>>> print(open('model_23.cif').read())   # mmCIF, C-alpha atoms and all ligand atoms
data_protein
#
loop_
_atom_site.label_atom_id
_atom_site.label_comp_id
_atom_site.auth_asym_id
_atom_site.auth_seq_id
_atom_site.Cartn_x
_atom_site.Cartn_y
_atom_site.Cartn_z
CA MET A 1 21.99 -184.47 24.23
CA SER A 2 19.24 -182.12 23.06
CA ASN A 3 18.90 -178.46 24.03
CA SER A 4 16.18 -179.24 26.57
CA ALA A 5 18.58 -181.58 28.36
CA SER A 6 21.33 -178.96 28.50
CA ALA A 7 21.90 -176.72 31.52
CA VAL A 8 23.04 -173.91 29.22
CA ASN A 9 21.35 -172.41 26.17
CA THR A 10 24.04 -170.14 24.77
CA ILE A 11 27.75 -170.47 25.33
CA ALA A 12 30.50 -168.03 24.42
CA ILE A 13 34.12 -168.89 23.63
CA LEU A 14 37.16 -166.68 24.14
CA THR A 15 40.92 -167.13 23.87
CA SER A 16 43.13 -165.25 26.32
CA GLY A 17 46.79 -164.70 27.23
CA GLY A 18 49.58 -165.94 24.95
CA ASP A 19 48.26 -167.66 21.83
CA ALA A 20 49.09 -171.32 21.24
CA PRO A 21 48.87 -173.58 18.18
CA GLY A 22 45.75 -175.69 18.54
CA MET A 23 43.57 -172.91 19.95
CA ASN A 24 41.63 -172.85 16.68
CA ALA A 25 41.10 -176.60 16.84
CA ALA A 26 39.72 -176.01 20.35
CA VAL A 27 37.37 -173.22 19.24
CA ARG A 28 36.14 -175.42 16.39
CA ALA A 29 35.50 -178.41 18.66
CA CYS A 30 33.78 -176.29 21.34
CA ALA A 31 31.43 -174.74 18.80
CA ARG A 32 30.65 -177.95 16.94
CA THR A 33 30.03 -179.91 20.14
CA ALA A 34 27.71 -177.17 21.37
CA TRP A 35 25.76 -177.18 18.10
CA ALA A 36 25.53 -180.96 18.25
CA ARG A 37 23.97 -180.57 21.72
CA GLY A 38 21.49 -177.95 20.49
CA VAL A 39 23.31 -175.06 22.21
CA ASN A 40 23.86 -171.64 20.59
CA VAL A 41 27.40 -170.34 20.24
CA LYS A 42 28.84 -166.85 20.40
CA GLY A 43 32.43 -165.80 19.88
CA ILE A 44 34.20 -163.15 21.93
CA MET A 45 37.09 -161.36 20.23
CA ARG A 46 40.34 -160.42 22.03
CA GLY A 47 39.83 -162.24 25.31
CA TYR A 48 38.58 -160.40 28.38
CA SER A 49 39.41 -157.08 26.77
CA GLY A 50 36.98 -157.78 23.91
CA LEU A 51 34.39 -159.02 26.39
CA LEU A 52 34.45 -155.65 28.16
CA LYS A 53 34.15 -153.88 24.81
CA GLU A 54 31.27 -156.19 23.84
CA GLU A 55 33.14 -157.61 20.85
CA ILE A 56 30.67 -160.45 20.83
CA PHE A 57 29.23 -162.07 17.74
CA GLU A 58 26.92 -164.90 16.82
CA MET A 59 29.25 -167.67 15.68
CA GLU A 60 28.28 -169.06 12.32
CA LYS A 61 29.14 -172.57 11.18
CA LYS A 62 31.50 -171.05 8.61
CA PHE A 63 33.67 -169.60 11.39
CA THR A 64 34.72 -173.15 12.28
CA THR A 65 35.68 -174.28 8.79
CA ASN A 66 39.29 -174.27 7.57
CA ILE A 67 40.69 -173.36 10.96
CA ILE A 68 41.74 -176.73 12.42
CA SER A 69 45.12 -176.54 10.67
CA ARG A 70 45.79 -172.88 11.41
CA GLY A 71 48.11 -171.62 14.14
CA GLY A 72 47.30 -168.61 16.31
CA THR A 73 43.71 -167.87 17.24
CA THR A 74 41.08 -166.58 14.84
CA LEU A 75 39.28 -165.13 17.89
CA TYR A 76 42.41 -163.04 18.53
CA THR A 77 43.82 -162.77 22.02
CA ALA A 78 44.80 -160.04 24.41
CA ARG A 79 45.95 -159.32 27.90
CA CYS A 80 43.60 -157.23 30.01
CA LEU A 81 44.97 -156.22 33.39
CA GLU A 82 41.83 -154.42 34.51
CA PHE A 83 40.00 -157.75 34.49
CA LYS A 84 41.56 -158.43 37.88
CA LYS A 85 39.29 -155.78 39.43
CA PRO A 86 36.09 -157.15 41.04
CA GLU A 87 33.94 -154.27 39.72
CA VAL A 88 35.18 -154.99 36.17
CA GLN A 89 34.37 -158.68 36.58
CA GLU A 90 30.86 -157.75 37.70
CA GLU A 91 30.48 -155.57 34.63
CA ALA A 92 31.71 -158.43 32.40
CA ALA A 93 29.13 -160.84 33.85
CA GLU A 94 26.41 -158.25 33.21
CA ILE A 95 27.55 -157.96 29.60
CA LEU A 96 27.43 -161.75 29.19
CA ARG A 97 23.91 -161.85 30.63
CA LYS A 98 22.85 -158.97 28.39
CA HIS A 99 23.95 -161.04 25.38
CA GLY A 100 22.00 -164.06 26.64
CA ILE A 101 25.18 -166.01 27.43
CA ASP A 102 24.82 -168.50 30.27
CA GLY A 103 27.96 -170.57 29.64
CA LEU A 104 31.54 -169.48 28.99
CA ILE A 105 34.59 -171.34 27.72
CA VAL A 106 37.97 -169.72 28.33
CA ILE A 107 41.00 -171.06 26.46
CA GLY A 108 44.29 -169.86 27.95
CA GLY A 109 46.88 -170.28 30.68
CA ASP A 110 46.57 -170.06 34.45
CA GLY A 111 46.18 -166.26 34.38
CA SER A 112 43.14 -166.73 32.15
CA PHE A 113 41.83 -169.40 34.55
CA ARG A 114 41.62 -166.73 37.26
CA GLY A 115 39.40 -164.67 35.01
CA ALA A 116 37.29 -167.78 34.35
CA GLN A 117 36.99 -168.36 38.08
CA ALA A 118 35.83 -164.77 38.50
CA MET A 119 33.12 -165.26 35.88
CA SER A 120 31.99 -168.42 37.61
CA ARG A 121 31.76 -166.54 40.92
CA GLN A 122 29.63 -163.97 39.12
CA GLY A 123 27.13 -166.70 38.26
CA ILE A 124 28.18 -167.50 34.68
CA ASN A 125 28.81 -171.22 34.25
CA THR A 126 32.43 -171.31 33.14
CA VAL A 127 34.88 -174.02 32.05
CA ALA A 128 38.54 -173.38 31.17
CA LEU A 129 40.82 -175.20 28.75
CA PRO A 130 44.63 -175.22 29.10
CA GLY A 131 46.05 -173.39 26.08
CA THR A 132 49.72 -172.54 26.48
CA ILE A 133 52.94 -173.66 24.83
CA ASP A 134 54.67 -173.70 28.23
CA LEU A 135 53.04 -176.88 29.67
CA ASP A 136 53.20 -175.13 33.04
CA ILE A 137 49.73 -175.96 34.36
CA GLY A 138 49.81 -178.12 37.46
CA CYS A 139 46.61 -180.09 36.99
CA THR A 140 47.36 -181.42 33.52
CA GLU A 141 50.07 -183.39 31.78
CA TYR A 142 49.12 -181.79 28.48
CA THR A 143 48.48 -178.21 27.38
CA ILE A 144 47.29 -177.18 23.94
CA GLY A 145 50.24 -175.86 21.90
CA PHE A 146 53.15 -177.50 23.71
CA ASP A 147 53.68 -180.28 21.19
CA THR A 148 53.72 -177.90 18.22
CA ALA A 149 56.06 -175.45 19.95
CA VAL A 150 58.53 -178.20 20.82
CA ASN A 151 58.50 -179.58 17.29
CA THR A 152 58.94 -176.10 15.79
CA ALA A 153 61.87 -175.39 18.09
CA LEU A 154 63.36 -178.81 17.44
CA ASP A 155 63.27 -178.28 13.69
CA ALA A 156 65.26 -175.05 14.14
CA ILE A 157 67.68 -176.67 16.60
CA ASP A 158 68.39 -179.54 14.19
CA LYS A 159 69.30 -176.96 11.55
CA ILE A 160 71.54 -175.08 13.95
CA ARG A 161 73.21 -178.38 14.84
CA ASP A 162 74.18 -178.86 11.16
CA THR A 163 75.97 -175.53 10.92
CA SER A 164 77.38 -175.77 14.45
CA ALA A 165 78.89 -179.17 13.61
CA SER A 166 80.29 -177.91 10.29
CA HIS A 167 82.10 -175.04 12.03
CA GLU A 168 82.99 -177.08 15.13
CA ARG A 169 81.32 -174.46 17.27
CA CYS A 170 79.40 -174.25 20.46
CA SER A 171 75.77 -173.14 20.05
CA ILE A 172 73.46 -171.82 22.71
CA ILE A 173 69.84 -171.92 21.67
CA GLU A 174 67.28 -170.08 23.75
CA VAL A 175 63.76 -171.46 23.70
CA MET A 176 60.57 -170.02 25.20
CA GLY A 177 59.51 -170.55 28.78
CA ARG A 178 59.71 -167.64 31.19
CA ASP A 179 58.95 -169.62 34.32
CA ALA A 180 58.93 -173.18 33.03
CA GLY A 181 61.63 -175.32 31.43
CA TYR A 182 59.46 -177.96 29.75
CA ILE A 183 60.10 -176.72 26.21
CA ALA A 184 63.84 -176.59 26.96
CA LEU A 185 63.83 -180.04 28.53
CA TRP A 186 61.99 -181.67 25.66
CA CYS A 187 64.05 -179.86 23.03
CA GLY A 188 67.22 -180.73 24.92
CA ILE A 189 66.57 -184.46 25.03
CA ALA A 190 65.16 -184.60 21.50
CA SER A 191 68.09 -182.71 19.99
CA GLY A 192 70.76 -184.56 21.97
CA ALA A 193 71.99 -181.38 23.65
CA GLU A 194 74.83 -181.62 26.17
CA GLU A 195 73.38 -179.04 28.51
CA ILE A 196 69.82 -178.03 29.31
CA ILE A 197 69.37 -174.94 31.45
CA ILE A 198 65.94 -174.53 33.01
CA PRO A 199 64.45 -172.17 35.62
CA GLU A 200 63.40 -175.11 37.81
CA ARG A 201 67.06 -176.08 38.34
CA TYR A 202 68.64 -172.61 38.50
CA ASP A 203 69.55 -171.11 41.86
CA GLY A 204 70.21 -167.63 40.46
CA ASN A 205 73.98 -167.97 40.76
CA ARG A 206 75.12 -166.92 37.28
CA PRO A 207 78.91 -167.25 37.81
CA LYS A 208 78.34 -170.82 39.09
CA LEU A 209 76.19 -171.66 36.06
CA LEU A 210 78.76 -170.22 33.66
CA LEU A 211 81.57 -172.11 35.31
CA SER A 212 79.70 -175.40 35.01
CA LEU A 213 78.92 -174.72 31.33
CA ILE A 214 82.56 -173.87 30.62
CA GLU A 215 83.81 -176.93 32.48
CA GLY A 216 81.28 -179.10 30.63
CA VAL A 217 82.36 -177.79 27.21
CA MET A 218 86.06 -178.14 28.09
CA GLU A 219 85.59 -181.66 29.39
CA THR A 220 83.72 -183.00 26.37
CA HIS A 221 85.98 -181.03 23.99
CA GLY A 222 89.01 -182.60 25.65
CA LYS A 223 87.47 -186.04 25.07
CA GLY A 224 86.99 -185.40 21.36
CA LYS A 225 83.62 -183.67 21.01
CA ARG A 226 83.89 -181.24 18.10
CA HIS A 227 80.72 -179.21 18.56
CA HIS A 228 78.48 -178.39 21.49
CA LEU A 229 74.78 -177.76 21.91
CA ILE A 230 73.35 -175.95 24.92
CA ILE A 231 69.59 -175.38 25.25
CA ASN A 232 68.75 -172.42 27.45
CA ALA A 233 65.25 -171.50 28.64
CA GLU A 234 64.00 -167.94 28.22
CA GLY A 235 63.57 -167.69 32.00
CA ILE A 236 67.36 -167.88 32.40
CA GLY A 237 68.06 -165.62 29.39
CA HIS A 238 71.43 -163.90 28.79
CA SER A 239 72.25 -166.30 25.95
CA HIS A 240 74.37 -163.79 24.00
CA SER A 241 76.53 -162.82 26.96
CA MET A 242 76.86 -166.48 27.97
CA ALA A 243 78.08 -167.25 24.45
CA LYS A 244 80.75 -164.53 24.72
CA ASP A 245 81.87 -165.76 28.13
CA ILE A 246 82.10 -169.37 26.95
CA GLU A 247 84.06 -168.34 23.85
CA ASN A 248 86.46 -166.22 25.90
CA ALA A 249 87.02 -168.96 28.46
CA THR A 250 87.32 -171.94 26.09
CA GLY A 251 88.63 -170.44 22.84
CA ILE A 252 85.80 -172.32 21.04
CA GLU A 253 83.72 -170.13 18.72
CA THR A 254 80.29 -169.81 20.31
CA ARG A 255 77.05 -168.43 18.88
CA ALA A 256 73.70 -167.75 20.48
CA THR A 257 70.32 -168.02 18.76
CA ILE A 258 67.12 -166.87 20.40
CA LEU A 259 64.24 -168.67 18.71
CA GLY A 260 61.53 -166.36 20.07
CA HIS A 261 57.97 -166.15 18.80
CA VAL A 262 58.49 -168.53 15.88
CA GLN A 263 57.73 -171.16 18.54
CA ARG A 264 54.26 -169.77 19.16
CA GLY A 265 53.07 -169.94 15.56
CA GLY A 266 52.58 -172.53 12.86
CA SER A 267 50.16 -175.25 11.99
CA PRO A 268 49.38 -177.39 15.07
CA THR A 269 50.64 -180.97 15.19
CA ALA A 270 48.19 -183.86 15.05
CA ARG A 271 48.63 -184.32 18.79
CA ASP A 272 47.68 -180.71 19.53
CA ARG A 273 44.65 -180.89 17.25
CA VAL A 274 43.43 -184.18 18.67
CA TYR A 275 43.88 -183.32 22.36
CA ALA A 276 42.38 -179.87 21.81
CA SER A 277 39.36 -181.47 20.12
CA TYR A 278 38.66 -184.00 22.89
CA MET A 279 39.26 -181.56 25.72
CA SER A 280 36.99 -178.98 24.12
CA ALA A 281 34.18 -181.47 23.61
CA LEU A 282 34.45 -182.42 27.28
CA ALA A 283 34.38 -178.73 28.29
CA VAL A 284 31.10 -178.22 26.44
CA ASP A 285 29.60 -181.42 27.81
CA LEU A 286 30.49 -180.28 31.33
CA LEU A 287 28.67 -177.00 30.74
CA CYS A 288 25.68 -178.86 29.32
CA ALA A 289 25.63 -181.01 32.44
CA GLY A 290 25.48 -177.90 34.64
CA ALA A 291 29.12 -177.76 35.74
CA THR A 292 30.91 -174.51 36.48
CA ASN A 293 34.31 -173.35 37.73
CA ARG A 294 36.07 -176.32 36.11
CA VAL A 295 39.33 -176.80 34.21
CA VAL A 296 39.71 -179.65 31.76
CA GLY A 297 43.01 -181.50 31.76
CA TYR A 298 44.67 -184.76 30.78
CA ARG A 299 46.15 -187.02 33.41
CA ASN A 300 47.15 -190.69 33.59
CA GLY A 301 45.79 -191.37 30.13
CA GLN A 302 42.41 -189.75 30.77
CA TYR A 303 40.64 -186.49 30.14
CA ILE A 304 39.58 -185.12 33.51
CA ASP A 305 38.28 -181.95 35.08
CA TYR A 306 39.12 -180.11 38.26
CA ASP A 307 37.70 -177.28 40.28
CA ILE A 308 39.60 -174.15 39.16
CA GLU A 309 40.68 -173.31 42.72
CA GLU A 310 42.07 -176.80 43.17
CA ALA A 311 43.71 -176.69 39.72
CA LEU A 312 45.41 -173.38 40.49
CA SER A 313 46.79 -174.75 43.75
CA MET A 314 48.35 -177.76 42.01
CA HIS A 315 52.02 -177.44 41.15
CA LYS A 316 54.22 -179.59 39.04
CA ASP A 317 57.95 -179.77 38.76
CA VAL A 318 60.34 -181.18 36.22
CA ASP A 319 60.97 -184.79 37.14
CA GLU A 320 64.49 -185.10 38.56
CA TYR A 321 65.10 -188.50 36.99
CA GLU A 322 64.06 -187.23 33.53
CA TYR A 323 66.28 -184.15 33.97
CA GLN A 324 69.33 -186.20 34.95
CA ILE A 325 68.78 -188.74 32.16
CA SER A 326 68.44 -185.94 29.58
CA ARG A 327 71.77 -184.44 30.60
CA MET A 328 73.50 -187.82 30.91
CA LEU A 329 72.46 -188.95 27.40
CA GLY A 330 73.84 -185.77 25.83
CA ARG A 331 77.24 -186.00 27.51
CA SER A 332 77.97 -189.50 28.70
CA ILE A 333 79.90 -191.00 25.80
CA TYR A 334 82.40 -188.16 26.10
CA THR A 335 82.71 -188.20 29.83
CA LEU A 336 82.81 -191.92 30.67
P1 LIG A 401 47.93 -166.81 30.57
O1 LIG A 401 46.47 -167.01 30.58
O2 LIG A 401 48.57 -167.29 29.31
O3 LIG A 401 48.59 -167.29 31.86
P2 LIG A 401 48.15 -164.07 31.53
O4 LIG A 401 48.75 -164.44 32.85
O5 LIG A 401 48.71 -162.90 30.80
O6 LIG A 401 48.20 -165.24 30.48
O7 LIG A 401 46.59 -163.85 31.79
C1 LIG A 401 45.72 -163.60 30.71
C2 LIG A 401 44.63 -162.68 31.17
O8 LIG A 401 43.86 -163.31 32.20
C3 LIG A 401 45.07 -161.37 31.81
O9 LIG A 401 45.44 -160.40 30.86
C4 LIG A 401 43.82 -160.98 32.55
O10 LIG A 401 42.86 -160.46 31.66
C5 LIG A 401 43.31 -162.33 33.04
N1 LIG A 401 43.75 -162.54 34.43
C6 LIG A 401 45.01 -162.83 34.85
N2 LIG A 401 45.06 -162.89 36.19
C7 LIG A 401 43.80 -162.62 36.64
C8 LIG A 401 43.20 -162.51 37.93
N3 LIG A 401 43.89 -162.68 39.03
N4 LIG A 401 41.88 -162.22 37.98
C9 LIG A 401 41.16 -162.05 36.85
N5 LIG A 401 41.68 -162.11 35.62
C10 LIG A 401 42.97 -162.40 35.50
O1 LIG A 402 53.30 -168.30 27.98
C1 LIG A 402 53.73 -168.49 26.69
C2 LIG A 402 54.91 -167.59 26.39
O2 LIG A 402 55.28 -167.79 25.05
C3 LIG A 402 56.11 -167.75 27.32
O3 LIG A 402 56.90 -168.88 27.01
C4 LIG A 402 56.79 -166.44 27.10
O4 LIG A 402 57.60 -166.12 28.19
C5 LIG A 402 55.66 -165.49 26.98
O5 LIG A 402 54.54 -166.23 26.53
C6 LIG A 402 55.92 -164.35 26.05
O6 LIG A 402 54.76 -163.61 25.91
P1 LIG A 402 54.58 -162.30 24.99
O7 LIG A 402 55.72 -162.23 24.06
O8 LIG A 402 53.28 -162.51 24.31
O9 LIG A 402 54.55 -161.17 25.95
#
>>> encode(input="model_23.cif", output="structure tokens", more="lines below")
Ligand code: ADP
Ligand code: F6P
Amino acid sequence: MSNSASAVNTIAILTSGGDAPGMNAAVRACARTAWARGVNVKGIMRGYSGLLKEEIFEMEKKFTTNIISRGGTTLYTARCLEFKKPEVQEEAAEILRKHGIDGLIVIGGDGSFRGAQAMSRQGINTVALPGTIDLDIGCTEYTIGFDTAVNTALDAIDKIRDTSASHERCSIIEVMGRDAGYIALWCGIASGAEEIIIPERYDGNRPKLLLSLIEGVMETHGKGKRHHLIINAEGIGHSHSMAKDIENATGIETRATILGHVQRGGSPTARDRVYASYMSALAVDLLCAGATNRVVGYRNGQYIDYDIEEALSMHKDVDEYEYQISRMLGRSIYTL
């Protein structure tokens, strides 16, 4: 596609919200696809906050070299609460126009999508890409960063398993995910954990949860299990106090480890790089074709795009069968 065939002449790219491994691969693919289509590219530093401060620069080819393998985001990221105000959004659109920007790509989570929607309503053609380690975006089965975060967490959990087994302990490992348990679920099944605690299956009754954990540890311990692995999602929290309560109730030494932000960094996996690259190319091609207010996703083996409003109204939940199977596989040989 040449420039004359494109609906946009100059696009800008920003990353917003929590960073995620693979965001750099996305920036690289957005910029390179745009250049291949004859479209100019600008970078915006520090998300919506940088946009309001006009931290906008002409992206040079060099900006996209040696970044595909790097974690984090070389465009930096930020949270900017004032961007929720309509008058601020109007100002942002004016700034974009002033810089000759007629297309915008926003890489972030669903909060960032709302900002993208606002820019689209202000007349800037905007497409969003799902960049979050949490996988908690309803319209897509894949979000940039999830695969790397799970593998990073799994590597740490495997190491904790070694020491936990050597000391015949119980270990609670807390992984990221404030509102979503996908990282916990994947880490739980991949590490062979006996228990996976996720916000989607927690009714807020802490004593009940504790009792079931204690009973689970006692039951498998009684059947010969010498060490125990519990994966807890950040949204549930309280891992240290849970560890104390389990130790007091069972007499089994229990330790808690909170993995924290280590999960957000690191070199992206091949999967994150590849998906980020294809999704980003599609985002640019959508802009070139005149689309606006779209989110790119991956569903049923295909890269797709949705209206942002529709995307934001789509919800997903942890599959009950997958959840039950994950728990069964970690415990069954000791409980049958
Ligand atoms: P994420 O994009 O990872 O979900 P946040 O929820 O923190 O992260 O949102 C990132 C940024 O998106 C916010 O700091 C704000 O600038 C912007 N944003 C969030 N919600 C809205 C909204 N309702 N309207 C406009 N912008 C929003
Ligand atoms: O959304 C990604 C995420 O890492 C969540 O899992 C976590 O709850 C949150 O961001 C933490 O954000 P921060 O430490 O940047 O405030």
>>> residues_near_ligand(input="model_23.cif", ligand="ligand LIG 402 (chain A)", cutoff="12 Å", atoms="all atoms listed in the file", output="ChimeraX atom specification")
/A:16-21,72,77-79,108-112,130-137,143-146,149-150,174-184,199,233-237,259-265
>>> atom_distance(input="model_23.cif", atom1="atom CA of Ala249 of chain A", atom2="atom CA of His228 of chain A")
14.5 Å
>>> atom_distance(input="model_23.cif", atom1="atom CA of Asp305 of chain A", atom2="atom CA of Phe83 of chain A")
24.3 Å
>>> residues_around(input="model_23.cif", residues="Ala270 of chain A", least_positions_apart="4", cutoff="12 Å", atoms="all atoms listed in the file", output="list in words")
Pro21, Gly22, Ala25, Ile68, Ser69, Arg70, Ile144, Gly145, Phe146, Asp147, Thr148, Asn151, Val274, Tyr275, Ala276 and Ser277 of chain A
>>> residues_near_point(input="model_23.cif", point="(78.7, -183.3, 28.2)", cutoff="8 Å", atoms="all atoms listed in the file", output="list in words")
Glu194, Glu195, Gly216, Val217, Glu219, Thr220, Arg327, Met328, Gly330, Arg331, Ser332, Tyr334 and Thr335 of chain A
>>> write_last_selection(input="model_23.cif", atoms="C-alpha atoms", output="short mmCIF file (atom, residue, chain, number, x, y, z; two decimals), in the coordinates of the input")
data_model
loop_
_atom_site.label_atom_id
_atom_site.label_comp_id
_atom_site.auth_asym_id
_atom_site.auth_seq_id
_atom_site.Cartn_x
_atom_site.Cartn_y
_atom_site.Cartn_z
CA GLU A 194 74.83 -181.62 26.17
CA GLU A 195 73.38 -179.04 28.51
CA GLY A 216 81.28 -179.10 30.63
CA VAL A 217 82.36 -177.79 27.21
CA GLU A 219 85.59 -181.66 29.39
CA THR A 220 83.72 -183.00 26.37
CA ARG A 327 71.77 -184.44 30.60
CA MET A 328 73.50 -187.82 30.91
CA GLY A 330 73.84 -185.77 25.83
CA ARG A 331 77.24 -186.00 27.51
CA SER A 332 77.97 -189.50 28.70
CA TYR A 334 82.40 -188.16 26.10
CA THR A 335 82.71 -188.20 29.83
#
>>> residues_around(input="model_23.cif", residues="Cys139 of chain A", least_positions_apart="3", cutoff="10 Å", atoms="all atoms listed in the file", output="list in words")
Pro130, Asp136, Tyr142, Thr143, Val295, Val296, Gly297, Tyr298, Arg299, Ile304, Asp305, Tyr306, Asp307, Ile308, Glu310, Ala311, Leu312, Ser313, Met314, His315 and Lys316 of chain A
>>> closest_residue(input="model_23.cif", among="A:Gln89, A:Thr33, A:Asn24, A:Ser212", to="ligand LIG 401 (chain A)", atoms="only C-alpha atoms and all ligand atoms")
A:Gln89
>>> atom_distance(input="model_23.cif", atom1="atom O4 of ligand LIG 401 (chain A)", atom2="atom CA of Asn300 of chain A")
26.3 Å
